[in-house]
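Colleague: Below you'll find the structure I mean.
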Amino acid sequence: MIVHRELIRLAGAVTGPVAGCAALGMAVSAAYVGQALLVAGALAAVARRDLAAAAPLLAGALGVVVARAALLWCREVAAAAAGARIRARLRDRLVARLAELGPAWLTGARTGRTQATLVDGVEGLDAYYRRYLPQVLVTVTVPTALVAWLTTVQPVAAGLLGTAVLLVLTVPRIWDATLLRRGRGRWAAFTALAADFLDTLQGAATLRAFGAVGRMRDRIGARTHDLHVSTMAQLRLSLIESGISALLIQAGLATAAVAAAVAAYTGRADAASVFLVLLVSVECFRPVRDLGAHWHAGYLGITAVDGLTELLRAPATVVHRGRVDRRIDRGPALVFEAVSHRYPGRSEAALWEVTLRLAPGETVAVVGRSGAGKSTLANMLLRHLDPDTGRITVDGVDLRDLTPATLRRTVTVVAQETYLFHGSVADNLRLARPDATDADLAAAARAAGAHDFIRALPHGYASPVGERGMSLSGGQRQRLAIARALLADTPVLILDEATSSVDGRQEATILDALATAARGRTCLVIAHRLSAVRHADRIVLLDRGRVVASGRHADLLVSCPQYAELVAAQEVAG
Amino acid sequence: MTTPEQPTDTRRPGALRRLLPAIAGHPRAFRGTLVANLLGQLAGLASAVLGAALVGRAVAGVPTPVAVVTGILGALVAIVTVATWWEMYVSHDLAYRVLADLRTRVYDAITRIAPGGVGGRRSGDLATVALSDIETLEWLFAHTIAQLLTAAVVLGAGTALAAWIDPWLPAVVLPAAALITVTPWLLRRHADRHGAQVRAATAELTADIVDTVHGLRELTVFGALERRRAHLAGRTRQLGRVQWRNAARAGLETGLIDVLVAAAGIGAVLVVVDGVRVGRLDVASGPVALVLAGAVLGPASQVALLLKEAGTLRAAADRVDTLLQAPSPVPAPARPVPAPAGGEVIFDDVHFGYLPGRPVLRGVSFAVRPGETVALVGASGVGKSTCAHLLLRYYDPTAGRITVGGVDLRDLDDSDLRRTVTVVPQDVHLFPGSIADNIRLGRPDATDAEVRTAAGAAQLTPFLDALPAGLDTPVGERGAALSGGQQARVAVARALLTGAPVLVLDEAAANLDAATEADLAVALESTGDHRATLVIAHRLATIMRADRVVVLDGGQVVADAAPEELRRRGALAAAVRGDAATAAG
């Protein structure tokens with residue numbers, strides 16, 4: 001009987017549904033007891049050879065049985081509804097928490113673990129909330145009442161019965177702490193398996209291409225073995241509870257029978273009270289036995305509590321406390337003021353005192369080699385990360401002072417890697433603007449050079465993109481991302497390698513479209529390819545997290561040898 | 001965001017039956033479960049009969065050696081306790097062993113059919129099969145099979161003893177037992193539908209949660225988190241609804257079974273009353289007769305309650321079985337041919353399409369000779385990556401053949417094929433672990449020096465030098481701790497380390513800056529005297545470095561020449577632009 005405080009706190013207002021289920025459970029118990037009393041009376045009548053008295057009692061019992069069937073059905077239905085409500089609330093809390101933690105948290109997290117916590121963890125708690133907790137109330141109430149009443153009829157039997165029930169409920173508590181601790185190990189093993197399995201599923205092509213299927217199989221095998229071992233470790237303890245219950249229930253019933261028989265032999269009890277004792281003791285143990293069954297159904301579920309609290313307590317990389325809610329229509333001024341950032345575990349700063357001013361409506365390109373800190377700059381502007389020191393302002397307001405909604409209305413990005421969701425092309429475009437009309441979608445897609453290939457898909461805009469957009473080529477995905485950003489229609493636009501996977505002809509067209517889109521917007525362009533930055537008003541060269549030079553293409557060629565080198569590499573290449 | 005999917009109605013009968021042999025691998029655990037369960041049930045029956053006899057005789061005033069009976073009862077209680085405990089232990093041990101086996105088999109199935117044979121199923125959906133569906137089957141292996149057998153035995157024994165005491169007793173109780181057992185069977189079609197809906201709704205929720213975690217960045221940027229949250233809440237409600245329907249049906253079964261058991265019990269009391277009245281039974285035997293009636297009804301209701309879960313079990317078993325039985329799109333060769341040491345890659349009149357009636361390649365023929373780099377160019381979606389997938393044998397051509405050193409790919413053992421052809425894919429997938437672990441993926445026994453050499457050729461050295469932990473730096477899930485360009489270079493190192501004589505670079509350079517790409521090209525050239533390299537690219541620079549350019553259009557090769565020659569013909573620019581008709585001319 002573990003009433004876990006953390007679990008009750010997690011689910012929020014559980015009292016109502018749990019009390020409702022418990023009330024129905026008690027009604028069911030009362031019906032069982034009523035049946036037992038009537039049948040005991042009938043048996044006693046038979047023993048007295050007063051058969052006429054038995055008939056109405058049995059008819060009454062039949063009536064109770066029918067009423068109880070209805071109650072049982074109600075209890076199942078009510079429990080299912082209560083369980084669904086509790087799980088919905090719990091999962092919603094976790095999803096909201098995931099949103100708070102944001103993309104930066106994902107770097108250190110494993111999707112499979114999160115998935116297991118949000119799906120299997122929450123589902124696994126169902127039995128605990130809707131069956132076990134109400135049954136705890138029933139088990140505490142019903143046997144107590146029965147034993148108290150039996151004391152007035154058969155004090156000795158009642159004493160023995162009461163002791164047995166008390167022991168069943170209290171002795172296993174000795175192992176509760178250990179049980180919860182081992183449960184943690186079991187949950188860790190389950191989520192580790194979940195994470196590796198999901199990763200395997202998504203990387204199956206790579207595993208095959210590198211002949212690594214067998215090695216990953218060993219790893220999965222070790223994970224399933226861990227799960228087996230930790231489940232059995234948990235079970236061994238849980239079975240102590242089951243074993244003690246079985247022992248005391250059996251012993252309690254046997255003792256009650258012997259005590260009743262002895263009472264009858266010594267003439268201290270008549271037949272009626274003997275049958276009464278027997279049938280009441282059966283009913284006394286019924287809730288205890290049910291509690292054991294519900295415990296068994298729910299004990300693995302409660303191991304998830306750690307996964308849940310871990311997610312709920314993880315510190316968020318970026319905390320949204322901003323209150324400034326303003327509509328910025330034209331491209332605003334954008335300033336990075338002495339911004340520095342270092343990733344945990346890296347010795348060198350990703351950005352070091354970067355100061356960068358974008359005038360209203362200006363397009364600035366940031367160039368530099370891989371790892372120079374270009375994408376970190378973009379991530380900060382999107383507030384996936386916050387600067388360690390320094391600040392970023394939009395229209396004079398610190399990004400951190402804006403409400404999340406204002407920030408999302410103000411800044412959007414065409415990212416280096418495009419994630420497309422399961423669903424249709426249109427669904428994915430509407431991510432940026434749910435109320436966009438079909439004409440809006442087509443206009444954005446045309447500007448992004450995506451309209452023609454979308455039209456050529458089997459179902460046009462309604463075609464499914466496949467998981468992670470795998471049914472599309474890299475260039476196609478990128479063009480959808482551009483269309484999506486154009487639909488978002490924000491005054492600040494970040495193009496982070498927006499055309500890296502697009503072929504030559506497309507690139508020229510899309511760059512023109514982007515140049516048009518950038519008009520009236522403040523635009524930060526990040527690119528390896530200089531062709532992608534030719535529309536920029538100004539070019540900033542970043543090297544190892546520092547701004548090395550800034551100016552127009554022609555000026556930089558002359559004034560900055562590093563820039564000239566970068567350009568030369570491309571000219572040789574091209 | 002997603003179109004609602006109905007649970008597939010392509011249910012194949014016998015999925016549960018096909019999974020049962022999984023137990024055969026653990027005969028000892030199964031025998032233990034059976035013996036423990038039988039022992040516990042029979043000892044329980046014996047103790048109930050004995051207790052009832054004692055009480056009956058006491059009430060009737062017939063003398064009984066109470067001390068002896070108490071002693072025997074005590075022994076029986078001990079046996080029941082130990083047997084119950086032991087049964088719980090061995091049955092779960094058996095179940096979790098079988099679940100572990102099944103998970104390995106699901107892994108084998110997935111790696112056998114992926115990526116070609118997964119048929120667009122979402123990874124969250126497949127993960128549900130491996131985790132939650134298989135976990136559901138615990139009930140089947142731990143609580144159903146042995147218990148059904150035992151229930152039949154106890155029911156038989158109870159019926160025989162009841163008939164011995166009073167032949168009327170089984171006449172009343174057996175029909176009720178039969179009715180109880182068929183109750184779940186009567187509602188079976190509903191149970192199957194509910195089970196399938198519950199499993200399908202779970203899978204959809206899982207897949208959407210996976211999608212949410214992976215796409216968290218996009219959801220954040222586009223302010224779509226609240227909408228997504230509402231969508232997931234809808235999914236949870238949908239799951240709750242089908243679970244509610246399932247529970248309502250199960251509750252109906254519970255109620256019906258309860259009525260039948262209780263009515264039959266009262267019927268048994270009436271039989272006893274009648275027996276006592278006409279003198280067929282003495283009063284002392286009354287309680288025993290009732291306990292025996294219970295011995296018939298108990299197992300029947302146990303069977304019914306076990307079968308209440310049958311719908312969900314069948315649905316879960318069906319999902320597991322469907323995956324296990326899925327055919328591989330690339331069957332293993334009956335008589336594998338030894339791996340070629342290298343040699344020319346030849347696409348010989350290759351036809352292929354992902355969907356029937358939508359051909360992608362229509363008779364593609366070209367060759368890549370050892371030491372040569374061939375660039376495959378053409379518009380987006382023309383089939384360049386498809387050629388790469390065929391060369392990696394994710395799929396087989398529908399007609400024509402692909403050979404390496406004269407050996408058809410279909411005649412190669414999978415491990416030989418992987419030593420022959422390697423790839424830097426368009427979508428790099430890195431596994432959690434260090435950079436070194438990922439580079440070693442294809443050759444786990446490579447020395448540190450070899451890993452460093454490969455990393456150097458892949459232009460990783462400057463990046464690694466800047467990391468305190470160097471090659472031991474963890475990459476995070478899906479390489480999240482690395483930038484796109486860094487991931488691409490790890491993928492290049494990984495491919496180079498395999499030393500395979502055929503290398504496919506599928507848009508590998510898209511995420512690299514021009515200088516890095518140029519350095520990489522030089523390094524590849526210097527390490528690959530005998531390597532046949534197929535490059536899929538759209539950058540002019542990459543294409544110009546190739547020895548030959550193969551232009552694809554309309555599912556066919558429309559030009560195959562040196563880049564200089566194509567440039568002279570003025571066709572290269574057109575080809576890069578995807579304007580292949582000009583390139584051909």
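Numbering starts fresh at 1 for the residues of each chain in the structure tokens, the chains themselves are lettered A, B, ... in the order given, and ligands are numbered from 1 as they appear.
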Which neighbours of Leu58 (chain A) fall inside 9 Å, counting only C-alpha atoms, when residues of the same chain fewer than 3 positions from it are skipped, and could you give them as a list in words?
Modeller: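 Once the nearby chain positions are removed, what remains is Gln35, Leu38, Val39, Gly41, Ala42, Ala54, Ala55, Ala61, Leu62 and Gly63 of chain A; Ile266, Val269 and Leu270 of chain B.
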Colleague: Please list as a list in words every residue within 12 Å of Ala442 (chain A), counting only C-alpha atoms and excluding residues in the same chain fewer than 2 positions away.
Modeller: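 The contact residues come out as Val425, Ala426, Leu429, Arg430, Ala436, Thr437, Asp438, Ala439, Asp440, Ala444, Ala445, Arg446, Ala447, Ala448, Gly449, Ala450, His451, Asp452, Phe453, Ile454, Arg455, Gly460, Tyr461, Leu480, Ala483, Arg484, Leu486 and Leu487 of chain A.
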Colleague: Taking only C-alpha atoms into account, which of A:Gly371, A:Pro434, A:Gly551, A:Pro458 comes nearest Ser483 (chain B)?
Modeller: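 For Ser483 (chain B), the nearest of the candidates is A:Gly371.
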Colleague: Can you list, as JSON, numbers by chain, all residues belonging to region 279-378 of chain B that DSSP tags as alpha helix (DSSP H)?
Modeller: {"B": [286, 287, 288, 289, 290, 291, 292, 293, 294, 295, 296, 297, 298, 299, 300, 301, 302, 303, 304, 305, 306, 307, 310, 311, 312, 313, 314, 315, 316, 317, 318, 319, 320, 321, 322, 323, 324, 325]}
Colleague: Report as a PyMOL selection string all protein, DNA and RNA residues lying within 12 Å of Arg5 (chain A), evaluated on only C-alpha atoms, omitting residues in the same chain fewer than 2 positions from it.
Modeller: chain A and resi 2-3+7-12+14+133+302+305
Colleague: Pull all heavy atoms from the residues just selected and write them as a CSV table (one decimal), in the first residue's frame.
Modeller:
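Written file, out.csv:
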```
chain,number,residue,atom,x,y,z
A,2,ILE,N,1.3,1.6,-1.2
A,2,ILE,CA,2.1,2.8,-1.3
A,2,ILE,C,1.3,3.9,-1.7
A,2,ILE,O,0.8,3.9,-2.9
A,2,ILE,CB,3.3,2.6,-2.3
A,2,ILE,CG1,4.2,1.4,-1.8
A,2,ILE,CG2,4.1,3.8,-2.5
A,2,ILE,CD1,5.4,1.2,-2.6
A,3,VAL,N,1.1,4.9,-0.9
A,3,VAL,CA,0.5,6.1,-1.3
A,3,VAL,C,1.6,7.1,-1.5
A,3,VAL,O,2.1,7.7,-0.5
A,3,VAL,CB,-0.6,6.6,-0.3
A,3,VAL,CG1,-1.2,7.9,-0.7
A,3,VAL,CG2,-1.6,5.5,-0.1
A,7,LEU,N,3.6,11.1,-6.5
A,7,LEU,CA,2.6,10.8,-7.5
A,7,LEU,C,1.3,11.5,-7.4
A,7,LEU,O,0.7,11.9,-8.4
A,7,LEU,CB,2.4,9.3,-7.5
A,7,LEU,CG,3.5,8.4,-8.2
A,7,LEU,CD1,3.3,6.9,-7.9
A,7,LEU,CD2,3.4,8.6,-9.7
A,8,ILE,N,0.9,11.7,-6.2
A,8,ILE,CA,-0.4,12.4,-6.0
A,8,ILE,C,-0.3,13.8,-6.3
A,8,ILE,O,-1.1,14.4,-6.9
A,8,ILE,CB,-0.9,12.1,-4.5
A,8,ILE,CG1,-1.3,10.7,-4.4
A,8,ILE,CG2,-2.0,13.1,-4.2
A,8,ILE,CD1,-1.6,10.2,-3.0
A,9,ARG,N,0.9,14.4,-5.9
A,9,ARG,CA,1.2,15.8,-6.3
A,9,ARG,C,1.2,16.0,-7.8
A,9,ARG,O,0.7,17.0,-8.3
A,9,ARG,CB,2.5,16.2,-5.6
A,9,ARG,CG,2.6,17.7,-5.4
A,9,ARG,CD,4.0,18.0,-4.8
A,9,ARG,NE,5.1,17.4,-5.7
A,9,ARG,CZ,5.5,18.0,-6.8
A,9,ARG,NH1,4.9,19.1,-7.3
A,9,ARG,NH2,6.4,17.4,-7.5
A,10,LEU,N,1.9,15.1,-8.5
A,10,LEU,CA,2.0,15.2,-9.9
A,10,LEU,C,0.7,15.2,-10.6
A,10,LEU,O,0.5,16.0,-11.6
A,10,LEU,CB,2.8,13.9,-10.4
A,10,LEU,CG,4.3,13.9,-10.3
A,10,LEU,CD1,4.8,12.6,-10.9
A,10,LEU,CD2,4.9,15.1,-11.1
A,11,ALA,N,-0.2,14.4,-10.2
A,11,ALA,CA,-1.5,14.3,-10.9
A,11,ALA,C,-2.4,15.5,-10.7
A,11,ALA,O,-3.4,15.6,-11.4
A,11,ALA,CB,-2.2,13.0,-10.6
A,12,GLY,N,-2.1,16.3,-9.7
A,12,GLY,CA,-2.9,17.4,-9.4
A,12,GLY,C,-4.1,17.0,-8.6
A,12,GLY,O,-4.0,16.2,-7.7
A,14,VAL,N,-6.5,14.9,-7.8
A,14,VAL,CA,-6.9,13.5,-8.0
A,14,VAL,C,-8.0,13.1,-7.0
A,14,VAL,O,-8.7,12.1,-7.2
A,14,VAL,CB,-5.8,12.5,-7.8
A,14,VAL,CG1,-4.8,12.5,-8.9
A,14,VAL,CG2,-5.1,12.6,-6.5
A,133,LEU,N,-5.2,3.3,-6.0
A,133,LEU,CA,-5.6,4.3,-4.9
A,133,LEU,C,-7.0,4.2,-4.4
A,133,LEU,O,-7.2,4.2,-3.2
A,133,LEU,CB,-5.4,5.8,-5.5
A,133,LEU,CG,-3.9,6.3,-5.5
A,133,LEU,CD1,-3.9,7.7,-6.0
A,133,LEU,CD2,-3.3,6.1,-4.1
A,302,ILE,N,4.5,2.7,-11.3
A,302,ILE,CA,5.0,3.7,-10.5
A,302,ILE,C,6.5,3.9,-10.5
A,302,ILE,O,7.1,4.9,-10.1
A,302,ILE,CB,4.6,3.6,-9.0
A,302,ILE,CG1,5.2,2.3,-8.4
A,302,ILE,CG2,3.1,3.6,-8.9
A,302,ILE,CD1,4.9,2.2,-6.9
A,305,VAL,N,7.9,7.3,-11.9
A,305,VAL,CA,7.8,8.6,-11.2
A,305,VAL,C,9.1,9.4,-11.3
A,305,VAL,O,9.1,10.6,-11.5
A,305,VAL,CB,7.4,8.4,-9.7
A,305,VAL,CG1,8.4,7.6,-9.0
A,305,VAL,CG2,7.1,9.7,-9.1
```
